Amino acid sequence: MSRHMTLALLLSVFSAGCGYRTAGHAVTLPDNVRTIAIPAFVNQTQTFKIEQMLTAAVVREFVTRTHYHVINQVNDDADAMLHGTVLATYTTPLTYDSRTGRAASVLIVISMKVSLLDKQGKVLYQNPSYLFREQYEVPRDVNSFFEEDTPAFQRLSRDFAETLVSNILEGF
């Protein structure tokens, strides 16, 4: 066998086992999980209805991206249950308007913990320290002022839901 053929054969053997895969296609939940209960997340903060926004975004993400049947309450039909707790929310000015001294942009930070358990209580996925951020601009004109924090929380909720569902499906 020539050196070139040996080299080609070795390269093909080593490259065949490199382990590359397309992201987003690995589902790590057991095959017996078909129904997931996602009850309302717990809110340990003073931020009004943040748990509702986050729960709704996660449910929407599971329904649109997966084949799992999602129910909103814990019962015997659920093969797994997703628990979520909003641990903290922070709002911090990032920049200030030099003319008025008012905040020009604000950073919202949410800290959460989540766990997905099967019927026997076995942990299928958990992350005790999710941290998500969203920045928004504060309108300069006081007369046209509108609350931007709610849309910012909604954007943050969508980002969180996308990341959470991807992490659960891909086992990160």
# chains A, B, ... in the order shown; residues from 1 in each chain; ligands from 1
$ select_by_dssp --residues "stretch 49-170 of chain A" --states "strand (DSSP E or B)" --output "ChimeraX atom specification"
/A:69-71,80-96,103-118,123-137
$ write_last_selection --atoms "C-alpha atoms" --output "PDB file, in the first residue's frame"
ATOM      1  CA  HIS A  69     -48.093  17.989  25.077  1.00  0.00           C
ATOM      2  CA  VAL A  70     -48.059  20.829  27.621  1.00  0.00           C
ATOM      3  CA  ILE A  71     -50.510  21.148  30.487  1.00  0.00           C
ATOM      4  CA  ALA A  80     -42.569  15.431  33.725  1.00  0.00           C
ATOM      5  CA  MET A  81     -43.004  18.730  35.533  1.00  0.00           C
ATOM      6  CA  LEU A  82     -41.127  21.975  35.003  1.00  0.00           C
ATOM      7  CA  HIS A  83     -40.731  24.117  38.131  1.00  0.00           C
ATOM      8  CA  GLY A  84     -39.523  27.690  37.907  1.00  0.00           C
ATOM      9  CA  THR A  85     -38.823  30.331  40.535  1.00  0.00           C
ATOM     10  CA  VAL A  86     -38.034  33.989  39.926  1.00  0.00           C
ATOM     11  CA  LEU A  87     -35.421  34.655  42.588  1.00  0.00           C
ATOM     12  CA  ALA A  88     -34.644  38.323  41.959  1.00  0.00           C
ATOM     13  CA  THR A  89     -35.191  41.192  39.561  1.00  0.00           C
ATOM     14  CA  TYR A  90     -32.974  44.257  39.339  1.00  0.00           C
ATOM     15  CA  THR A  91     -33.381  47.493  37.432  1.00  0.00           C
ATOM     16  CA  THR A  92     -30.268  49.638  37.092  1.00  0.00           C
ATOM     17  CA  PRO A  93     -29.640  52.823  35.115  1.00  0.00           C
ATOM     18  CA  LEU A  94     -26.843  52.307  32.594  1.00  0.00           C
ATOM     19  CA  THR A  95     -26.437  55.739  31.072  1.00  0.00           C
ATOM     20  CA  TYR A  96     -27.637  59.209  31.928  1.00  0.00           C
ATOM     21  CA  ALA A 103     -31.494  57.886  33.132  1.00  0.00           C
ATOM     22  CA  ALA A 104     -31.197  57.427  29.355  1.00  0.00           C
ATOM     23  CA  SER A 105     -30.966  53.625  29.351  1.00  0.00           C
ATOM     24  CA  VAL A 106     -31.818  50.995  31.912  1.00  0.00           C
ATOM     25  CA  LEU A 107     -30.698  47.407  32.440  1.00  0.00           C
ATOM     26  CA  ILE A 108     -33.145  44.800  33.740  1.00  0.00           C
ATOM     27  CA  VAL A 109     -31.706  41.629  35.262  1.00  0.00           C
ATOM     28  CA  ILE A 110     -33.670  38.539  36.261  1.00  0.00           C
ATOM     29  CA  SER A 111     -32.325  35.654  38.323  1.00  0.00           C
ATOM     30  CA  MET A 112     -34.196  32.334  38.155  1.00  0.00           C
ATOM     31  CA  LYS A 113     -33.955  28.695  39.033  1.00  0.00           C
ATOM     32  CA  VAL A 114     -35.652  25.905  37.093  1.00  0.00           C
ATOM     33  CA  SER A 115     -35.902  22.134  37.314  1.00  0.00           C
ATOM     34  CA  LEU A 116     -37.573  19.485  35.205  1.00  0.00           C
ATOM     35  CA  LEU A 117     -38.506  16.339  37.139  1.00  0.00           C
ATOM     36  CA  ASP A 118     -40.024  13.075  35.957  1.00  0.00           C
ATOM     37  CA  VAL A 123     -34.087  15.389  37.878  1.00  0.00           C
ATOM     38  CA  LEU A 124     -34.111  15.475  34.074  1.00  0.00           C
ATOM     39  CA  TYR A 125     -32.760  19.020  33.886  1.00  0.00           C
ATOM     40  CA  GLN A 126     -31.967  21.781  36.338  1.00  0.00           C
ATOM     41  CA  ASN A 127     -30.281  25.131  36.473  1.00  0.00           C
ATOM     42  CA  PRO A 128     -30.292  26.901  39.845  1.00  0.00           C
ATOM     43  CA  SER A 129     -28.815  30.141  38.520  1.00  0.00           C
ATOM     44  CA  TYR A 130     -30.250  31.453  35.260  1.00  0.00           C
ATOM     45  CA  LEU A 131     -29.367  35.097  34.786  1.00  0.00           C
ATOM     46  CA  PHE A 132     -30.954  37.126  31.983  1.00  0.00           C
ATOM     47  CA  ARG A 133     -30.479  40.771  31.026  1.00  0.00           C
ATOM     48  CA  GLU A 134     -32.386  43.201  28.830  1.00  0.00           C
ATOM     49  CA  GLN A 135     -31.535  46.818  28.133  1.00  0.00           C
ATOM     50  CA  TYR A 136     -33.996  49.501  27.090  1.00  0.00           C
ATOM     51  CA  GLU A 137     -33.886  53.193  26.257  1.00  0.00           C
TER      52      GLU A 137
END
$ residues_around --residues "A:Thr28" --least-positions-apart "3" --cutoff "12 Å" --atoms "only C-alpha atoms" --output "MDAnalysis selection string"
chainID A and resid 24:25 31:33 124:125 165:172
$ write_last_selection --atoms "N, CA, C and O atoms" --output "mmCIF file, in the first residue's frame"
data_model
loop_
_atom_site.group_PDB
_atom_site.id
_atom_site.type_symbol
_atom_site.label_atom_id
_atom_site.label_comp_id
_atom_site.auth_asym_id
_atom_site.auth_seq_id
_atom_site.Cartn_x
_atom_site.Cartn_y
_atom_site.Cartn_z
ATOM 1 N N GLY A 24 -29.093 21.731 17.881
ATOM 2 C CA GLY A 24 -30.530 21.809 17.972
ATOM 3 C C GLY A 24 -31.266 20.534 17.617
ATOM 4 O O GLY A 24 -32.484 20.515 17.593
ATOM 5 N N HIS A 25 -30.580 19.452 17.349
ATOM 6 C CA HIS A 25 -31.256 18.223 16.971
ATOM 7 C C HIS A 25 -31.185 17.132 18.032
ATOM 8 O O HIS A 25 -31.813 16.113 17.866
ATOM 9 N N ASP A 31 -37.668 8.834 26.265
ATOM 10 C CA ASP A 31 -38.739 8.590 25.297
ATOM 11 C C ASP A 31 -40.122 8.517 25.945
ATOM 12 O O ASP A 31 -41.126 8.785 25.291
ATOM 13 N N ASN A 32 -40.174 8.164 27.222
ATOM 14 C CA ASN A 32 -41.474 8.048 27.885
ATOM 15 C C ASN A 32 -42.067 9.408 28.276
ATOM 16 O O ASN A 32 -43.192 9.469 28.740
ATOM 17 N N VAL A 33 -41.328 10.495 28.089
ATOM 18 C CA VAL A 33 -41.848 11.834 28.382
ATOM 19 C C VAL A 33 -42.583 12.337 27.146
ATOM 20 O O VAL A 33 -41.988 12.579 26.099
ATOM 21 N N LEU A 124 -34.444 15.620 35.490
ATOM 22 C CA LEU A 124 -34.111 15.475 34.074
ATOM 23 C C LEU A 124 -33.282 16.657 33.589
ATOM 24 O O LEU A 124 -32.479 16.530 32.675
ATOM 25 N N TYR A 125 -33.515 17.807 34.215
ATOM 26 C CA TYR A 125 -32.760 19.020 33.886
ATOM 27 C C TYR A 125 -32.923 19.975 35.062
ATOM 28 O O TYR A 125 -33.990 20.058 35.664
ATOM 29 N N VAL A 165 -35.719 26.150 26.716
ATOM 30 C CA VAL A 165 -36.173 25.002 25.924
ATOM 31 C C VAL A 165 -35.000 24.394 25.163
ATOM 32 O O VAL A 165 -34.842 23.178 25.116
ATOM 33 N N SER A 166 -34.142 25.225 24.599
ATOM 34 C CA SER A 166 -32.952 24.700 23.919
ATOM 35 C C SER A 166 -32.064 23.935 24.886
ATOM 36 O O SER A 166 -31.565 22.855 24.565
ATOM 37 N N ASN A 167 -31.842 24.481 26.065
ATOM 38 C CA ASN A 167 -31.005 23.807 27.060
ATOM 39 C C ASN A 167 -31.599 22.464 27.475
ATOM 40 O O ASN A 167 -30.873 21.479 27.627
ATOM 41 N N ILE A 168 -32.902 22.402 27.659
ATOM 42 C CA ILE A 168 -33.547 21.144 28.050
ATOM 43 C C ILE A 168 -33.423 20.129 26.917
ATOM 44 O O ILE A 168 -33.075 18.967 27.148
ATOM 45 N N LEU A 169 -33.691 20.542 25.698
ATOM 46 C CA LEU A 169 -33.666 19.610 24.568
ATOM 47 C C LEU A 169 -32.258 19.154 24.215
ATOM 48 O O LEU A 169 -32.069 18.034 23.753
ATOM 49 N N GLU A 170 -31.287 20.020 24.420
ATOM 50 C CA GLU A 170 -29.917 19.700 24.023
ATOM 51 C C GLU A 170 -29.059 19.262 25.189
ATOM 52 O O GLU A 170 -27.886 18.957 25.014
ATOM 53 N N GLY A 171 -29.618 19.248 26.393
ATOM 54 C CA GLY A 171 -28.907 18.718 27.553
ATOM 55 C C GLY A 171 -27.789 19.579 28.076
ATOM 56 O O GLY A 171 -26.827 19.085 28.633
ATOM 57 N N PHE A 172 -27.915 20.908 27.958
ATOM 58 C CA PHE A 172 -26.866 21.792 28.473
ATOM 59 C C PHE A 172 -27.172 22.239 29.867
ATOM 60 O O PHE A 172 -28.177 22.561 30.278
#
$ residues_around --residues "A:Ala57" --least-positions-apart "5" --cutoff "9 Å" --atoms "only C-alpha atoms" --output "count of residues only"
9
$ atom_distance --atom1 "atom CA of A:Thr163" --atom2 "atom CA of A:Asp79"
21.8 Å
$ closest_residue --among "A:Leu29, A:Ala78, A:Ile36, A:Val42" --to "A:Thr55" --atoms "only C-alpha atoms"
A:Val42
$ closest_residue --among "A:Arg155, A:Lys49, A:Lys119, A:Arg102" --to "A:Val138" --atoms "only C-alpha atoms"
A:Arg102
$ atom_distance --atom1 "atom CA of A:Ser98" --atom2 "atom CA of A:Leu156"
27.9 Å
$ atom_distance --atom1 "atom CA of A:Arg34" --atom2 "atom CA of A:Ile50"
27.6 Å
